[in-house]
Amino acid sequence: MDIKAIVKHLRDEGIVAVMQRAYRRHHRENKPFRILLLTNRDSDNVGDQIIEACDISLVKAVMQDLGISKNQYVITSLPAFFISKSYKVLNTDAPDPKTVIAQSDVVLFGGAPMFNYKYQDFYRRSIDVIKIARKYGKPVLFSAIGIDAYDEDDARCQALKAELNSGTVPMITTRDGMTYLEHYKENDTLTIAKVADPAVFSGSVFRPYLAKKSRDGKRTVGLFVFRAGGFRANGIDFSRTQAAEMWLRLIKEIQARGYDYELLTSGHFADEAFMEYLISAYKVDDKKCVFNINCPEDLINRISSYAGVVSCRLHPSIISYALDVPSVGIIWNSKVSGFYESVGYGERAFTVSDLDVKKLMDGLEQAMGCVIAKDKQYLMSVYAYLADALSGITHNNRRYASESYSELCKRIPPYEGTTQEQLQMKIRDKFRRAYRAYNKVLTKK
């Protein structure tokens, strides 16, 4: 990734000059520089909430880097789904989305799968935001997003591609879909790059919430299960029954090797439903199952207490890596294998079709016996992208341009914690999503 080339492209397009003038005008008028951050924060998958927290901390660190004080900028964090089909914010108490974007100085998509179109409509929301931003002359940046596919013959994919190359989006970086992203690039002024997932900073961002030591002094392996039908939804012929039998074999192997275990999820209600299925249909010990992981602190604390982690979901693997907890991944999507390959441990991602639990545990034990190696330059890439892009936009010189990864980890602002009100809102929204899913099942009958 060539940061100088990125900034040059921005200047060539004139976007930097426009944004510099806007920033100086705001500064003269004592108005804060407004950053609109859009993530998948409203998901009950806590991994997405951790991405949001890490994005906020990274932006705050960048502002400190640029010498911009806390009262000179505002980060407005909203869910990427904040625009409904009628262009109304989902929360009726919130302002109109056109107003939100018009009053922002830059729109930043952070870490969400914003190009997904196969069975999600993230792509539609991305298109809507870009169109509104273009109307008001606001640049839109995509940072460390997930990209699952590209299809020349899919109208949805091509509609997104057209908007991305319309001149409103100067830069896109991805954590796991560089091959696909290369196909989306058509405009020579659009800069693309592969960077680390923002959650690689979760060990520093959530440092107040790390477990002091392993619970009860046991060598416990955390097993993050995946929703029924999740494999087939991603083109892998692996049924709910096959998935259940895989976890049972793995539990037996873990116990045979002298470890304790816990089954849990990263919060998604459908994953929790599958865990309940294991209890009711296969008599899995419910005392070994952890339900209701509903906020980032809980997930971080739990993972940091484990001797090792086996996960289908991506972010328990990324968080484990960030916390120096050994992990292996079970592939349901290319982003799982993509992550392990990007950090130099491609052999720690296993396919389900021919999964040998003994080999998987061999891999986990091997990981337990090694110090986790980290490419600090790669980990810094997501921060470097933000710092140099916002430096060009605000016309502020960086103070920490040669800063090391370890130095950044020490000064990055920590997560401030989930309030009781926020937790209750997360739980309420999670239940409502579960109710909607249940009602869809009833409608089909």
# chains A, B, ... in the order shown; residues from 1 in each chain; ligands from 1
>>> residues_around(residues="A:Leu408", least_positions_apart="5", cutoff="9 Å", atoms="only C-alpha atoms", output="VMD selection string")
chain A and resid 61 380 400 403
>>> closest_atom_pairs(of="stretch 348-415 of chain A", to="stretch 237-257 of chain A", cutoff="8 Å", atoms="only C-alpha atoms", output="tab-separated table")
residue	atom	partner	partner_atom	distance
A:Val352	CA	A:Phe238	CA	7.5
A:Ser353	CA	A:Phe238	CA	7.0
A:Val357	CA	A:Leu250	CA	5.5
A:Lys358	CA	A:Glu253	CA	6.9
A:Met361	CA	A:Ile254	CA	7.4
>>> write_last_selection(atoms="C-alpha atoms", output="CSV table (one decimal), in the first residue's frame")
chain,number,residue,atom,x,y,z
A,352,VAL,CA,-15.7,-28.7,7.2
A,353,SER,CA,-16.3,-31.2,4.3
A,357,VAL,CA,-11.1,-33.2,14.6
A,358,LYS,CA,-7.8,-34.8,15.6
A,361,MET,CA,-6.8,-30.2,17.7
>>> select_by_dssp(residues="stretch 144-233 of chain A", states="alpha helix (DSSP H)", output="ChimeraX atom specification")
/A:155-164,178-184,202-205,230-233
>>> residues_around(residues="A:Ala155", least_positions_apart="4", cutoff="12 Å", atoms="only C-alpha atoms", output="list in words")
Tyr117, Lys118, Tyr123, Arg124, Tyr150, Asp151, Ala159, Leu160, Lys161 and Ala162 of chain A
>>> closest_residue(among="A:Thr76, A:Thr39, A:Ser143, A:Asn116", to="A:Val100", atoms="only C-alpha atoms")
A:Thr76
>>> atom_distance(atom1="atom CA of A:Ser311", atom2="atom CA of A:Asp55")
22.9 Å
>>> select_by_dssp(residues="stretch 163-253 of chain A", states="strand (DSSP E or B)", output="list in words")
Met171, Ile172, Thr173, Thr174, Thr191, Ile192, Ala193, Lys194, Thr220, Val221, Gly222, Leu223 and Phe224 of chain A
>>> write_last_selection(atoms="N, CA and C atoms", output="PDB file, in the first residue's frame")
ATOM      1  N   MET A 171     -11.239   6.368  -2.109  1.00  0.00           N
ATOM      2  CA  MET A 171     -10.451   5.238  -1.615  1.00  0.00           C
ATOM      3  C   MET A 171     -11.333   4.137  -1.054  1.00  0.00           C
ATOM      4  N   ILE A 172     -10.917   2.895  -1.287  1.00  0.00           N
ATOM      5  CA  ILE A 172     -11.561   1.724  -0.689  1.00  0.00           C
ATOM      6  C   ILE A 172     -10.453   0.794  -0.216  1.00  0.00           C
ATOM      7  N   THR A 173     -10.506   0.391   1.031  1.00  0.00           N
ATOM      8  CA  THR A 173      -9.599  -0.657   1.508  1.00  0.00           C
ATOM      9  C   THR A 173     -10.423  -1.826   2.019  1.00  0.00           C
ATOM     10  N   THR A 174      -9.872  -3.012   1.897  1.00  0.00           N
ATOM     11  CA  THR A 174     -10.579  -4.225   2.315  1.00  0.00           C
ATOM     12  C   THR A 174      -9.690  -5.062   3.212  1.00  0.00           C
ATOM     13  N   THR A 191      -8.366   4.679  -5.571  1.00  0.00           N
ATOM     14  CA  THR A 191      -7.268   3.937  -4.968  1.00  0.00           C
ATOM     15  C   THR A 191      -7.812   2.809  -4.109  1.00  0.00           C
ATOM     16  N   ILE A 192      -7.251   1.609  -4.273  1.00  0.00           N
ATOM     17  CA  ILE A 192      -7.679   0.448  -3.496  1.00  0.00           C
ATOM     18  C   ILE A 192      -6.470  -0.171  -2.810  1.00  0.00           C
ATOM     19  N   ALA A 193      -6.716  -0.851  -1.689  1.00  0.00           N
ATOM     20  CA  ALA A 193      -5.624  -1.481  -0.954  1.00  0.00           C
ATOM     21  C   ALA A 193      -6.190  -2.515   0.011  1.00  0.00           C
ATOM     22  N   LYS A 194      -5.338  -3.439   0.423  1.00  0.00           N
ATOM     23  CA  LYS A 194      -5.686  -4.395   1.465  1.00  0.00           C
ATOM     24  C   LYS A 194      -5.063  -3.934   2.775  1.00  0.00           C
ATOM     25  N   THR A 220      -9.168 -24.156  29.382  1.00  0.00           N
ATOM     26  CA  THR A 220     -10.478 -24.192  28.738  1.00  0.00           C
ATOM     27  C   THR A 220     -10.370 -23.730  27.290  1.00  0.00           C
ATOM     28  N   VAL A 221     -11.015 -24.493  26.399  1.00  0.00           N
ATOM     29  CA  VAL A 221     -11.078 -24.138  24.983  1.00  0.00           C
ATOM     30  C   VAL A 221     -12.463 -23.578  24.686  1.00  0.00           C
ATOM     31  N   GLY A 222     -12.508 -22.397  24.107  1.00  0.00           N
ATOM     32  CA  GLY A 222     -13.779 -21.789  23.721  1.00  0.00           C
ATOM     33  C   GLY A 222     -14.187 -22.230  22.332  1.00  0.00           C
ATOM     34  N   LEU A 223     -15.399 -22.752  22.193  1.00  0.00           N
ATOM     35  CA  LEU A 223     -15.904 -23.255  20.916  1.00  0.00           C
ATOM     36  C   LEU A 223     -17.034 -22.341  20.434  1.00  0.00           C
ATOM     37  N   PHE A 224     -16.770 -21.557  19.409  1.00  0.00           N
ATOM     38  CA  PHE A 224     -17.768 -20.618  18.877  1.00  0.00           C
ATOM     39  C   PHE A 224     -18.542 -21.283  17.753  1.00  0.00           C
TER      40      PHE A 224
END
